[in-house]
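Listing of my_file-v8.cif; format and content: mmCIF, C-alpha atoms (C1' of nucleotides).
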```
data_query
loop_
_atom_site.label_atom_id
_atom_site.label_comp_id
_atom_site.auth_asym_id
_atom_site.auth_seq_id
_atom_site.Cartn_x
_atom_site.Cartn_y
_atom_site.Cartn_z
CA MET A 20 -17.05 -12.04 -45.74
CA LYS A 21 -19.79 -10.02 -44.12
CA LYS A 22 -18.96 -6.43 -43.28
CA THR A 23 -18.80 -5.81 -39.56
CA ASP A 24 -21.49 -3.83 -37.83
CA LEU A 25 -20.66 -0.14 -37.55
CA ARG A 26 -21.58 -0.19 -33.89
CA VAL A 27 -18.94 -2.83 -33.23
CA VAL A 28 -16.32 -0.77 -35.01
CA LYS A 29 -17.18 2.32 -32.99
CA THR A 30 -17.20 0.42 -29.71
CA LYS A 31 -13.83 -1.19 -30.34
CA GLU A 32 -12.31 2.10 -31.39
CA ALA A 33 -13.59 3.80 -28.26
CA LEU A 34 -12.21 1.02 -26.05
CA LYS A 35 -8.84 1.06 -27.74
CA GLU A 36 -8.61 4.82 -27.46
CA ALA A 37 -9.43 4.63 -23.76
CA LEU A 38 -6.78 1.97 -23.20
CA VAL A 39 -4.09 3.97 -24.99
CA PHE A 40 -5.08 7.01 -22.96
CA LEU A 41 -4.80 5.11 -19.70
CA LEU A 42 -1.49 3.48 -20.63
CA LYS A 43 0.05 6.93 -20.66
CA GLU A 44 -0.54 7.41 -16.97
CA LYS A 45 -0.58 3.94 -15.38
CA SER A 46 0.57 0.35 -15.86
CA LEU A 47 -1.43 -2.16 -17.85
CA LYS A 48 -1.80 -4.31 -14.77
CA SER A 49 -3.52 -1.58 -12.81
CA ILE A 50 -6.07 -0.72 -15.48
CA SER A 51 -9.50 -2.18 -14.81
CA ILE A 52 -12.21 -3.05 -17.32
CA THR A 53 -14.59 -0.78 -15.43
CA GLU A 54 -12.14 2.09 -15.83
CA ILE A 55 -11.72 1.59 -19.57
CA CYS A 56 -15.45 1.38 -20.12
CA SER A 57 -16.08 4.48 -18.07
CA ILE A 58 -13.67 6.51 -20.18
CA ALA A 59 -14.80 4.95 -23.46
CA LYS A 60 -18.40 5.53 -22.43
CA VAL A 61 -19.18 1.93 -23.27
CA ASN A 62 -21.25 -0.40 -21.14
CA ARG A 63 -19.18 -2.93 -19.26
CA GLY A 64 -21.32 -5.75 -20.58
CA THR A 65 -20.42 -4.67 -24.10
CA PHE A 66 -16.74 -5.05 -23.29
CA TYR A 67 -17.36 -8.64 -22.32
CA SER A 68 -19.16 -9.35 -25.59
CA HIS A 69 -15.92 -8.55 -27.42
CA TYR A 70 -13.12 -9.38 -24.98
CA GLU A 71 -12.53 -11.39 -21.88
CA HIS A 72 -9.69 -9.47 -20.30
CA VAL A 73 -7.94 -6.13 -20.58
CA GLU A 74 -5.07 -8.07 -22.10
CA ASP A 75 -7.18 -9.15 -25.06
CA LEU A 76 -7.90 -5.54 -25.88
CA PHE A 77 -4.23 -4.71 -25.64
CA GLU A 78 -3.50 -7.62 -27.95
CA ASP A 79 -5.81 -6.07 -30.52
CA TYR A 80 -3.86 -2.84 -30.26
CA TYR A 81 -0.62 -4.81 -30.48
CA LYS A 82 -1.68 -6.51 -33.69
CA ASP A 83 -2.41 -3.16 -35.26
CA ILE A 84 1.11 -1.94 -34.53
CA MET A 85 2.66 -5.15 -35.82
CA LYS A 86 0.72 -4.77 -39.03
CA ASP A 87 1.69 -1.13 -39.41
CA LEU A 88 5.31 -2.11 -39.02
CA THR A 89 5.57 -5.11 -41.26
CA ASP A 90 6.41 -2.82 -44.15
CA SER A 91 9.23 -1.12 -42.30
CA TYR A 92 10.67 -4.50 -41.45
CA LEU A 93 10.60 -5.59 -45.05
CA GLU A 94 11.73 -2.28 -46.45
CA PRO A 95 15.52 -2.96 -46.26
CA TYR A 96 15.03 -6.18 -48.17
CA LYS A 97 14.20 -4.21 -51.28
CA HIS A 98 17.70 -2.79 -51.45
CA VAL A 99 19.58 -6.06 -51.00
CA GLN A 100 19.93 -9.09 -53.22
CA ILE A 101 18.57 -12.39 -52.01
CA LEU A 102 20.73 -13.58 -49.15
CA ASP A 103 22.78 -16.59 -50.13
CA THR A 104 23.15 -18.08 -46.66
CA GLY A 105 20.75 -18.99 -43.94
CA GLN A 106 22.62 -16.69 -41.62
CA LEU A 107 21.22 -13.56 -40.15
CA ASN A 108 22.20 -10.45 -41.97
CA PRO A 109 22.54 -7.75 -39.33
CA ALA A 110 22.41 -4.97 -41.86
CA THR A 111 18.97 -5.99 -42.93
CA ILE A 112 17.59 -6.47 -39.48
CA ARG A 113 15.58 -3.42 -38.59
CA ILE A 114 14.18 -4.87 -35.42
CA PHE A 115 16.37 -2.96 -32.98
CA HIS A 116 15.43 0.32 -34.59
CA HIS A 117 11.83 -0.68 -34.45
CA ILE A 118 12.04 -1.51 -30.75
CA ALA A 119 13.88 1.73 -30.00
CA LYS A 120 11.14 3.64 -31.77
CA TYR A 121 8.44 1.96 -29.73
CA GLU A 122 10.47 1.68 -26.55
CA LYS A 123 7.58 2.58 -24.29
CA PHE A 124 5.45 -0.06 -25.88
CA TYR A 125 8.08 -2.76 -25.50
CA LYS A 126 8.57 -1.90 -21.88
CA ILE A 127 5.06 -3.21 -21.42
CA VAL A 128 5.59 -6.22 -23.67
CA PHE A 129 8.79 -7.25 -21.86
CA SER A 130 7.60 -6.47 -18.34
CA LYS A 131 7.49 -9.34 -15.89
CA THR A 132 3.75 -9.20 -15.46
CA ALA A 133 2.96 -9.20 -19.19
CA PRO A 134 1.36 -12.40 -20.44
CA LEU A 135 3.48 -14.61 -22.67
CA SER A 136 0.97 -14.05 -25.46
CA TYR A 137 2.54 -10.68 -26.25
CA TYR A 138 5.92 -12.31 -26.52
CA TYR A 139 4.51 -14.94 -28.84
CA LEU A 140 2.98 -12.34 -31.13
CA LEU A 141 6.38 -10.75 -31.58
CA LEU A 142 8.09 -14.10 -31.97
CA GLU A 143 5.69 -15.28 -34.66
CA HIS A 144 6.10 -12.02 -36.50
CA ILE A 145 9.88 -12.22 -36.58
CA GLN A 146 9.80 -15.93 -37.39
CA GLN A 147 7.75 -15.21 -40.48
CA LEU A 148 10.11 -12.50 -41.60
CA MET A 149 13.14 -14.72 -41.10
CA GLU A 150 11.73 -17.63 -43.03
CA LYS A 151 12.01 -15.43 -46.09
CA ASP A 152 15.79 -15.66 -45.76
CA PHE A 153 15.99 -19.42 -45.84
CA GLY A 154 15.74 -19.19 -49.63
CA SER A 155 18.13 -21.59 -51.30
CA LEU A 156 19.40 -23.66 -48.42
CA SER A 157 16.00 -24.54 -47.06
CA PRO A 158 16.40 -27.00 -44.25
CA ALA A 159 14.33 -30.16 -44.11
CA GLU A 160 10.65 -29.32 -43.83
CA GLU A 161 10.50 -30.49 -40.20
CA ASP A 162 13.50 -28.36 -39.24
CA ARG A 163 12.21 -25.14 -40.80
CA SER A 164 10.00 -24.10 -37.90
CA MET A 165 12.70 -25.11 -35.44
CA LEU A 166 15.32 -23.04 -37.23
CA SER A 167 13.15 -19.94 -37.38
CA ALA A 168 12.17 -20.42 -33.74
CA TYR A 169 15.83 -20.74 -32.81
CA GLN A 170 17.02 -17.69 -34.73
CA ALA A 171 14.05 -15.45 -34.02
CA ASN A 172 14.16 -16.17 -30.32
CA ALA A 173 17.91 -15.57 -30.23
CA ILE A 174 17.35 -12.06 -31.58
CA ILE A 175 14.53 -11.46 -29.12
CA GLY A 176 16.89 -12.64 -26.41
CA LEU A 177 19.13 -9.70 -27.26
CA ALA A 178 16.12 -7.39 -27.13
CA VAL A 179 15.17 -8.81 -23.74
CA GLU A 180 18.69 -8.24 -22.42
CA TRP A 181 18.62 -4.77 -23.94
CA HIS A 182 15.39 -4.09 -22.09
CA ARG A 183 16.88 -5.50 -18.88
CA GLN A 184 19.73 -2.98 -19.24
CA ASP A 185 17.11 -0.27 -19.70
CA PHE A 186 17.93 0.29 -23.39
CA ARG A 187 21.20 2.01 -22.62
CA GLN A 188 22.74 1.02 -25.96
CA SER A 189 21.60 2.61 -29.19
CA ALA A 190 19.92 0.55 -31.90
CA GLU A 191 23.06 0.88 -34.01
CA GLU A 192 25.17 -0.47 -31.17
CA MET A 193 22.84 -3.43 -30.82
CA ASN A 194 23.33 -4.24 -34.46
CA ARG A 195 27.09 -4.07 -34.00
CA ILE A 196 26.87 -6.33 -30.98
CA LEU A 197 24.88 -8.80 -33.04
CA VAL A 198 27.64 -8.85 -35.65
CA ARG A 199 30.20 -9.59 -32.98
CA LEU A 200 28.10 -12.31 -31.39
CA LEU A 201 27.62 -14.09 -34.70
CA ARG A 202 31.38 -14.19 -34.98
CA TYR A 203 31.56 -16.08 -31.68
CA THR A 204 28.76 -18.51 -32.38
CA THR A 205 29.97 -19.33 -35.88
CA GLY A 206 33.37 -20.14 -34.51
CA MET B 660 20.65 -13.65 8.94
CA LYS B 661 17.76 -14.05 11.32
CA LYS B 662 15.95 -17.37 11.23
CA THR B 663 12.47 -17.06 9.81
CA ASP B 664 9.49 -17.40 12.08
CA LEU B 665 8.12 -20.94 12.22
CA ARG B 666 4.63 -19.64 11.60
CA VAL B 667 5.73 -18.10 8.33
CA VAL B 668 7.29 -21.37 7.24
CA LYS B 669 4.13 -23.32 8.07
CA THR B 670 1.90 -20.81 6.31
CA LYS B 671 3.97 -20.81 3.14
CA GLU B 672 4.13 -24.58 3.09
CA ALA B 673 0.38 -24.85 3.49
CA LEU B 674 -0.21 -22.36 0.68
CA LYS B 675 2.20 -24.08 -1.65
CA GLU B 676 0.67 -27.45 -0.93
CA ALA B 677 -2.79 -26.08 -1.65
CA LEU B 678 -1.62 -24.57 -4.93
CA VAL B 679 0.00 -27.81 -6.09
CA PHE B 680 -3.16 -29.68 -5.15
CA LEU B 681 -5.33 -27.29 -7.15
CA LEU B 682 -3.00 -27.31 -10.17
CA LYS B 683 -3.79 -31.00 -10.59
CA GLU B 684 -7.43 -30.34 -11.34
CA LYS B 685 -7.62 -26.84 -12.82
CA SER B 686 -5.60 -24.18 -14.64
CA LEU B 687 -3.47 -21.65 -12.80
CA LYS B 688 -5.59 -18.84 -14.23
CA SER B 689 -8.77 -20.18 -12.70
CA ILE B 690 -7.37 -20.59 -9.19
CA SER B 691 -8.37 -17.82 -6.81
CA ILE B 692 -6.59 -16.62 -3.71
CA THR B 693 -9.72 -17.30 -1.70
CA GLU B 694 -9.72 -20.89 -2.92
CA ILE B 695 -6.07 -21.47 -2.03
CA CYS B 696 -6.52 -20.02 1.43
CA SER B 697 -9.62 -22.06 2.06
CA ILE B 698 -7.79 -25.31 1.27
CA ALA B 699 -4.63 -24.26 3.10
CA LYS B 700 -6.74 -23.15 6.05
CA VAL B 701 -4.93 -19.84 6.06
CA ASN B 702 -6.57 -16.46 6.44
CA ARG B 703 -6.78 -14.52 3.22
CA GLY B 704 -5.17 -11.52 4.84
CA THR B 705 -2.18 -13.69 5.68
CA PHE B 706 -1.77 -14.56 2.01
CA TYR B 707 -1.51 -10.86 1.22
CA SER B 708 1.16 -10.36 3.85
CA HIS B 709 3.40 -12.75 1.88
CA TYR B 710 2.28 -12.47 -1.73
CA GLU B 711 0.39 -10.15 -3.99
CA HIS B 712 -0.94 -12.55 -6.58
CA VAL B 713 -1.40 -16.26 -7.10
CA GLU B 714 1.42 -15.99 -9.61
CA ASP B 715 3.89 -14.94 -6.91
CA LEU B 716 3.14 -18.09 -4.97
CA PHE B 717 3.64 -20.16 -8.11
CA GLU B 718 6.94 -18.39 -8.65
CA ASP B 719 8.07 -19.55 -5.23
CA TYR B 720 7.19 -23.10 -6.19
CA TYR B 721 8.99 -22.59 -9.50
CA LYS B 722 12.20 -21.49 -7.80
CA ASP B 723 12.19 -24.62 -5.69
CA ILE B 724 12.05 -26.80 -8.77
CA MET B 725 14.78 -24.81 -10.50
CA LYS B 726 16.98 -25.24 -7.47
CA ASP B 727 16.29 -28.95 -7.26
CA LEU B 728 17.31 -29.29 -10.86
CA THR B 729 20.45 -27.24 -11.02
CA ASP B 730 22.41 -30.32 -10.07
CA SER B 731 20.94 -32.43 -12.83
CA TYR B 732 21.81 -29.69 -15.32
CA LEU B 733 25.38 -29.58 -14.19
CA GLU B 734 25.79 -33.32 -13.81
CA PRO B 735 26.91 -34.01 -17.43
CA TYR B 736 29.64 -31.42 -17.10
CA LYS B 737 31.47 -33.67 -14.71
CA HIS B 738 32.12 -36.24 -17.43
CA VAL B 739 33.40 -33.82 -20.07
CA GLN B 740 36.57 -31.79 -20.30
CA ILE B 741 36.34 -28.05 -20.43
CA LEU B 742 34.85 -27.02 -23.74
CA ASP B 743 37.35 -25.18 -25.90
CA THR B 744 34.86 -23.13 -27.92
CA GLY B 745 32.05 -20.79 -26.99
CA GLN B 746 29.68 -22.93 -28.99
CA LEU B 747 26.83 -24.91 -27.58
CA ASN B 748 27.64 -28.50 -26.99
CA PRO B 749 24.41 -30.42 -27.59
CA ALA B 750 25.69 -33.49 -25.79
CA THR B 751 26.03 -31.56 -22.59
CA ILE B 752 22.69 -29.83 -22.82
CA ARG B 753 20.29 -31.65 -20.56
CA ILE B 754 17.56 -29.08 -20.88
CA PHE B 755 15.32 -30.97 -23.26
CA HIS B 756 15.35 -33.98 -20.99
CA HIS B 757 14.55 -31.76 -18.07
CA ILE B 758 11.60 -30.19 -19.87
CA ALA B 759 10.29 -33.58 -20.97
CA LYS B 760 10.46 -34.76 -17.39
CA TYR B 761 8.46 -31.76 -16.16
CA GLU B 762 6.27 -31.46 -19.24
CA LYS B 763 3.12 -30.68 -17.29
CA PHE B 764 4.90 -27.93 -15.44
CA TYR B 765 6.27 -26.36 -18.60
CA LYS B 766 2.85 -26.40 -20.21
CA ILE B 767 1.93 -23.85 -17.57
CA VAL B 768 5.17 -21.90 -17.96
CA PHE B 769 4.82 -21.67 -21.74
CA SER B 770 1.07 -21.07 -21.83
CA LYS B 771 -0.12 -17.83 -23.39
CA THR B 772 -1.59 -16.51 -20.16
CA ALA B 773 1.51 -17.16 -18.07
CA PRO B 774 3.35 -14.02 -16.97
CA LEU B 775 6.70 -13.35 -18.57
CA SER B 776 8.31 -13.65 -15.13
CA TYR B 777 8.24 -17.46 -15.40
CA TYR B 778 10.00 -17.25 -18.72
CA TYR B 779 12.63 -14.96 -17.24
CA LEU B 780 13.31 -17.33 -14.36
CA LEU B 781 14.08 -20.08 -16.84
CA LEU B 782 16.11 -17.77 -19.04
CA GLU B 783 18.25 -16.53 -16.19
CA HIS B 784 18.85 -20.05 -15.04
CA ILE B 785 20.03 -21.24 -18.43
CA GLN B 786 22.06 -18.08 -18.96
CA GLN B 787 24.01 -18.77 -15.81
CA LEU B 788 24.68 -22.34 -16.82
CA MET B 789 25.88 -21.28 -20.25
CA GLU B 790 28.25 -18.65 -19.00
CA LYS B 791 30.28 -21.50 -17.55
CA ASP B 792 31.13 -22.55 -21.09
CA PHE B 793 32.60 -19.25 -22.18
CA GLY B 794 35.84 -20.31 -20.49
CA SER B 795 38.88 -19.38 -22.54
CA LEU B 796 37.44 -17.22 -25.27
CA SER B 797 35.50 -14.95 -22.98
CA PRO B 798 33.98 -12.17 -25.01
CA ALA B 799 34.37 -8.56 -24.00
CA GLU B 800 32.80 -7.92 -20.63
CA GLU B 801 29.95 -5.91 -22.14
CA ASP B 802 29.16 -8.65 -24.66
CA ARG B 803 29.05 -11.47 -22.12
CA SER B 804 25.47 -10.94 -20.98
CA MET B 805 24.40 -10.36 -24.57
CA LEU B 806 25.99 -13.58 -25.73
CA SER B 807 24.43 -15.67 -22.99
CA ALA B 808 21.07 -13.98 -23.58
CA TYR B 809 21.37 -14.75 -27.27
CA GLN B 810 22.32 -18.40 -26.85
CA ALA B 811 20.06 -19.20 -23.92
CA ASN B 812 17.06 -17.66 -25.60
CA ALA B 813 17.80 -19.52 -28.82
CA ILE B 814 17.59 -22.81 -26.92
CA ILE B 815 14.41 -21.73 -25.19
CA GLY B 816 13.07 -20.83 -28.63
CA LEU B 817 13.39 -24.49 -29.55
CA ALA B 818 11.62 -25.46 -26.35
CA VAL B 819 8.83 -23.01 -27.11
CA GLU B 820 8.44 -24.45 -30.62
CA TRP B 821 8.54 -27.93 -29.11
CA HIS B 822 5.74 -26.93 -26.77
CA ARG B 823 3.77 -25.41 -29.66
CA GLN B 824 4.00 -28.77 -31.42
CA ASP B 825 2.73 -30.41 -28.24
CA PHE B 826 6.03 -32.12 -27.44
CA ARG B 827 5.64 -34.67 -30.22
CA GLN B 828 9.42 -35.13 -30.57
CA SER B 829 11.43 -36.95 -27.95
CA ALA B 830 14.11 -35.15 -25.96
CA GLU B 831 16.76 -37.09 -27.88
CA GLU B 832 15.26 -35.92 -31.18
CA MET B 833 15.35 -32.36 -29.96
CA ASN B 834 19.05 -32.68 -29.23
CA ARG B 835 19.62 -34.07 -32.73
CA ILE B 836 17.65 -31.20 -34.23
CA LEU B 837 19.83 -28.78 -32.30
CA VAL B 838 22.95 -30.37 -33.79
CA ARG B 839 21.54 -29.96 -37.29
CA LEU B 840 20.49 -26.36 -36.69
CA LEU B 841 23.95 -25.41 -35.46
CA ARG B 842 25.28 -26.74 -38.73
CA TYR B 843 23.05 -24.29 -40.59
CA THR B 844 23.74 -21.28 -38.45
CA THR B 845 27.49 -21.83 -38.39
CA GLY B 846 27.51 -21.97 -42.19
"C1'" DA C 726 -39.88 3.65 -45.72
"C1'" DC C 727 -40.57 -0.45 -43.20
"C1'" DT C 728 -39.22 -4.66 -41.06
"C1'" DT C 729 -35.81 -7.59 -39.19
"C1'" DT C 730 -31.77 -8.35 -36.93
"C1'" DT C 731 -28.54 -7.55 -33.45
"C1'" DA C 732 -25.35 -4.59 -30.71
"C1'" DT C 733 -25.71 -1.94 -26.81
"C1'" DT C 734 -27.66 -0.51 -22.48
"C1'" DA C 735 -29.35 -0.54 -17.68
"C1'" DT C 736 -29.69 -3.21 -13.94
"C1'" DA C 737 -28.88 -6.69 -10.71
"C1'" DC C 738 -26.32 -10.47 -8.44
"C1'" DA C 739 -22.89 -13.61 -6.46
"C1'" DA C 740 -18.15 -13.98 -6.01
"C1'" DG C 741 -13.32 -12.44 -5.76
"C1'" DT C 742 -10.02 -8.56 -4.83
"C1'" DG C 743 -7.25 -5.59 -2.15
"C1'" DT C 744 -7.00 -3.18 2.10
"C1'" DT C 745 -7.44 -1.99 7.00
"C1'" DC C 746 -7.84 -2.84 12.03
"C1'" DA C 747 -8.19 -4.44 16.70
"C1'" DA C 748 -8.00 -8.92 18.98
"C1'" DT C 749 -5.66 -13.16 19.51
"C1'" DA C 750 -2.28 -16.67 19.71
"C1'" DA C 751 2.02 -18.46 18.65
"C1'" DA C 752 6.91 -18.02 18.55
"C1'" DA C 753 11.22 -15.72 20.07
"C1'" DA C 754 13.88 -13.43 23.59
"C1'" DT C 755 15.17 -12.70 28.30
"C1'" DA D 772 8.61 -19.11 33.32
"C1'" DT D 773 7.53 -14.66 31.96
"C1'" DT D 774 7.78 -10.94 28.91
"C1'" DT D 775 8.16 -9.13 24.37
"C1'" DT D 776 7.54 -9.39 19.71
"C1'" DT D 777 5.01 -10.40 15.72
"C1'" DA D 778 2.34 -13.53 12.58
"C1'" DT D 779 -2.18 -14.75 12.10
"C1'" DT D 780 -7.06 -14.18 12.52
"C1'" DG D 781 -11.81 -12.41 11.84
"C1'" DA D 782 -14.46 -8.91 10.41
"C1'" DA D 783 -15.66 -5.24 7.62
"C1'" DC D 784 -15.25 -2.10 3.58
"C1'" DA D 785 -15.39 -0.30 -1.21
"C1'" DC D 786 -14.43 -1.99 -5.42
"C1'" DT D 787 -13.88 -5.11 -9.64
"C1'" DT D 788 -15.25 -9.23 -11.98
"C1'" DG D 789 -18.00 -12.26 -14.57
"C1'" DT D 790 -22.53 -13.36 -15.83
"C1'" DA D 791 -27.44 -12.90 -17.01
"C1'" DT D 792 -31.73 -10.51 -18.40
"C1'" DA D 793 -35.20 -7.63 -20.50
"C1'" DA D 794 -35.51 -3.12 -22.70
"C1'" DT D 795 -33.77 -0.10 -26.07
"C1'" DA D 796 -31.62 1.79 -30.05
"C1'" DA D 797 -29.01 1.49 -34.01
"C1'" DA D 798 -27.67 -0.72 -38.17
"C1'" DA D 799 -28.65 -3.96 -42.00
"C1'" DG D 800 -31.78 -6.05 -45.28
"C1'" DT D 801 -35.71 -5.68 -48.20
#
```
Would you mind writing the file out in structure tokens?
Amino acid sequence: MKKTDLRVVKTKEALKEALVFLLKEKSLKSISITEICSIAKVNRGTFYSHYEHVEDLFEDYYKDIMKDLTDSYLEPYKHVQILDTGQLNPATIRIFHHIAKYEKFYKIVFSKTAPLSYYYLLLEHIQQLMEKDFGSLSPAEEDRSMLSAYQANAIIGLAVEWHRQDFRQSAEEMNRILVRLLRYTTG
Amino acid sequence: MKKTDLRVVKTKEALKEALVFLLKEKSLKSISITEICSIAKVNRGTFYSHYEHVEDLFEDYYKDIMKDLTDSYLEPYKHVQILDTGQLNPATIRIFHHIAKYEKFYKIVFSKTAPLSYYYLLLEHIQQLMEKDFGSLSPAEEDRSMLSAYQANAIIGLAVEWHRQDFRQSAEEMNRILVRLLRYTTG
DNA sequence: ACTTTTATTATACAAGTGTTCAATAAAAAT
DNA sequence: ATTTTTATTGAACACTTGTATAATAAAAGT
């Protein structure tokens, strides 16, 4: 693994900083590559040697946040014994708190014009975390990915609806709603 | 309700036809407004008086398909009595067959670069269909939208995973997988 | 320190975008 | 059939995009 060129690191940092700056005053959709480069003081051609679209840069930023937050997701798991069912344990799900904390960020991720790639990044992340809970009753190998896709996307569905209702519930309320919903779906 | 101007109808039809034609040979992302207008023999300025982006035109096309298919979704419900639980009834879910039938279309809808708006159109559609099943045990008013969001998105999660695996399972297999998964999640 | 490698820059170009406007032509209204 | 309304056109504009090139400067390798 060769260490990356310092110039590349600096360039990417400058671009990311410019994007974050611009996101505070306008929508992702309205931010142009030219604009980012002008603020970052980076040549536009250099942008294209690293990314294709503004969205790719945002995705880089996104990945950073996901990484930073993996620990906070996993944190509650340290206090609980291994779950003995494949069911979701609402008490251990920190996702609603996470989304509330980064509300502004998720308003971009869940906006109609956002590319599906952002959604997929979140989905994959949650899928991975959930697969930890399969533990004992691991479904057939071929069903594993389907089960995690099913459960993870169900949770994201709540987040999407939450977003649609402009986050009027608190994260705690969302967890309580989840408990109630599981009661319905499990008969 | 004033009848729409014939010119508008003709223009929109020409644009839609041009888009569908182009989608057969290239990706949605690579299709320009200029290109569509050139084929449709419509002035570019006219395009902008109806739509903002190529995606908006596609969304129009999308809605048509959704409408055409609502009947096929509901068709199985005519042969079954009212469901007595809020649970998903895999036998009545025609969605996997629908997706298989329009596989090429859904490869666009589920592609990473597609805007989330396509996803939402599908979600809303399925949500509405599912809310019909709540019947007797209707959850509290405030939980209704959350429950349908949860269940509808869970199903779409399977479709997304199906797409990720390049639709290697048949629609029937997907329905069987759903039955198995419900066994896990309902303990 | 010196050389080699390569990321970045400056510049230019063809094409697409988003917008505006007066002129035109097609449809609706009478 | 004639008038009124309005969608469409053509043309022009500043701007962004995507791509390519040689020149430069900065980092890595020795």
**Request:** Apply the PyMOL selection byres ((chain A) within 8 of (chain D)) to the displayed file and report the matching residues as JSON, numbers by chain.
**Result:** {"A": [24, 25, 26, 51, 53]}
**Message:** Should the cut-off be 7 Å, what would the residue list for chain A against chain B look like, counting only C-alpha atoms, as a PyMOL selection string?
**Reply:** chain A and resi 105-106+130-136+165-166+168-170+172-174+176-177+180+200+203-205
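As for atom CA of His712 of chain B and atom CA of Tyr121 of chain A, they are spaced 28.9 Å apart.
Here, the PyMOL selection byres ((chain C) within 8 of (chain B)) matches DG741, DA751 and DA752 of chain C.
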Selection from above, C-alpha atoms (C1' of nucleotides), as a compact mmCIF listing (two decimals), in the frame of the given file, can you write it?
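Saved file part-v1.txt follows:
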```txt
# COMPACT_ATOMS: atom_id res chain seq x y z
C1' DG C 741 -13.32 -12.44 -5.76
C1' DA C 751 2.02 -18.46 18.65
C1' DA C 752 6.91 -18.02 18.55
```
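Pairwise distance (atom CA of Tyr732 of chain B, atom CA of Arg827 of chain B) equals 22.5 Å.
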**Prompt:** So how far away is atom CA of Lys123 of chain A from atom CA of Lys43 of chain A, in Å?
**Reply:** 9.4 Å
**Asked** Which residues match the PyMOL selection byres ((chain C and resi 735) around 9) in the file above, as a VMD selection string?
**Response** (chain A and resid 62) or (chain C and resid 734 736) or (chain D and resid 794)
Which residues, written as a short mmCIF file (atom, residue, chain, number, x, y, z; two decimals) with C-alpha atoms, in the coordinates of the input, have at least one atom at most 10 Å from Leu788 of chain B, with all atoms listed in the file counted and residues fewer than 2 positions away on the same chain left out?
```cif
data_model
loop_
_atom_site.label_atom_id
_atom_site.label_comp_id
_atom_site.auth_asym_id
_atom_site.auth_seq_id
_atom_site.Cartn_x
_atom_site.Cartn_y
_atom_site.Cartn_z
CA THR B 729 20.45 -27.24 -11.02
CA TYR B 732 21.81 -29.69 -15.32
CA LEU B 733 25.38 -29.58 -14.19
CA ILE B 752 22.69 -29.83 -22.82
CA LEU B 782 16.11 -17.77 -19.04
CA GLU B 783 18.25 -16.53 -16.19
CA HIS B 784 18.85 -20.05 -15.04
CA ILE B 785 20.03 -21.24 -18.43
CA GLN B 786 22.06 -18.08 -18.96
CA GLU B 790 28.25 -18.65 -19.00
CA LYS B 791 30.28 -21.50 -17.55
CA ASP B 792 31.13 -22.55 -21.09
CA SER B 807 24.43 -15.67 -22.99
CA ALA B 811 20.06 -19.20 -23.92
#
```
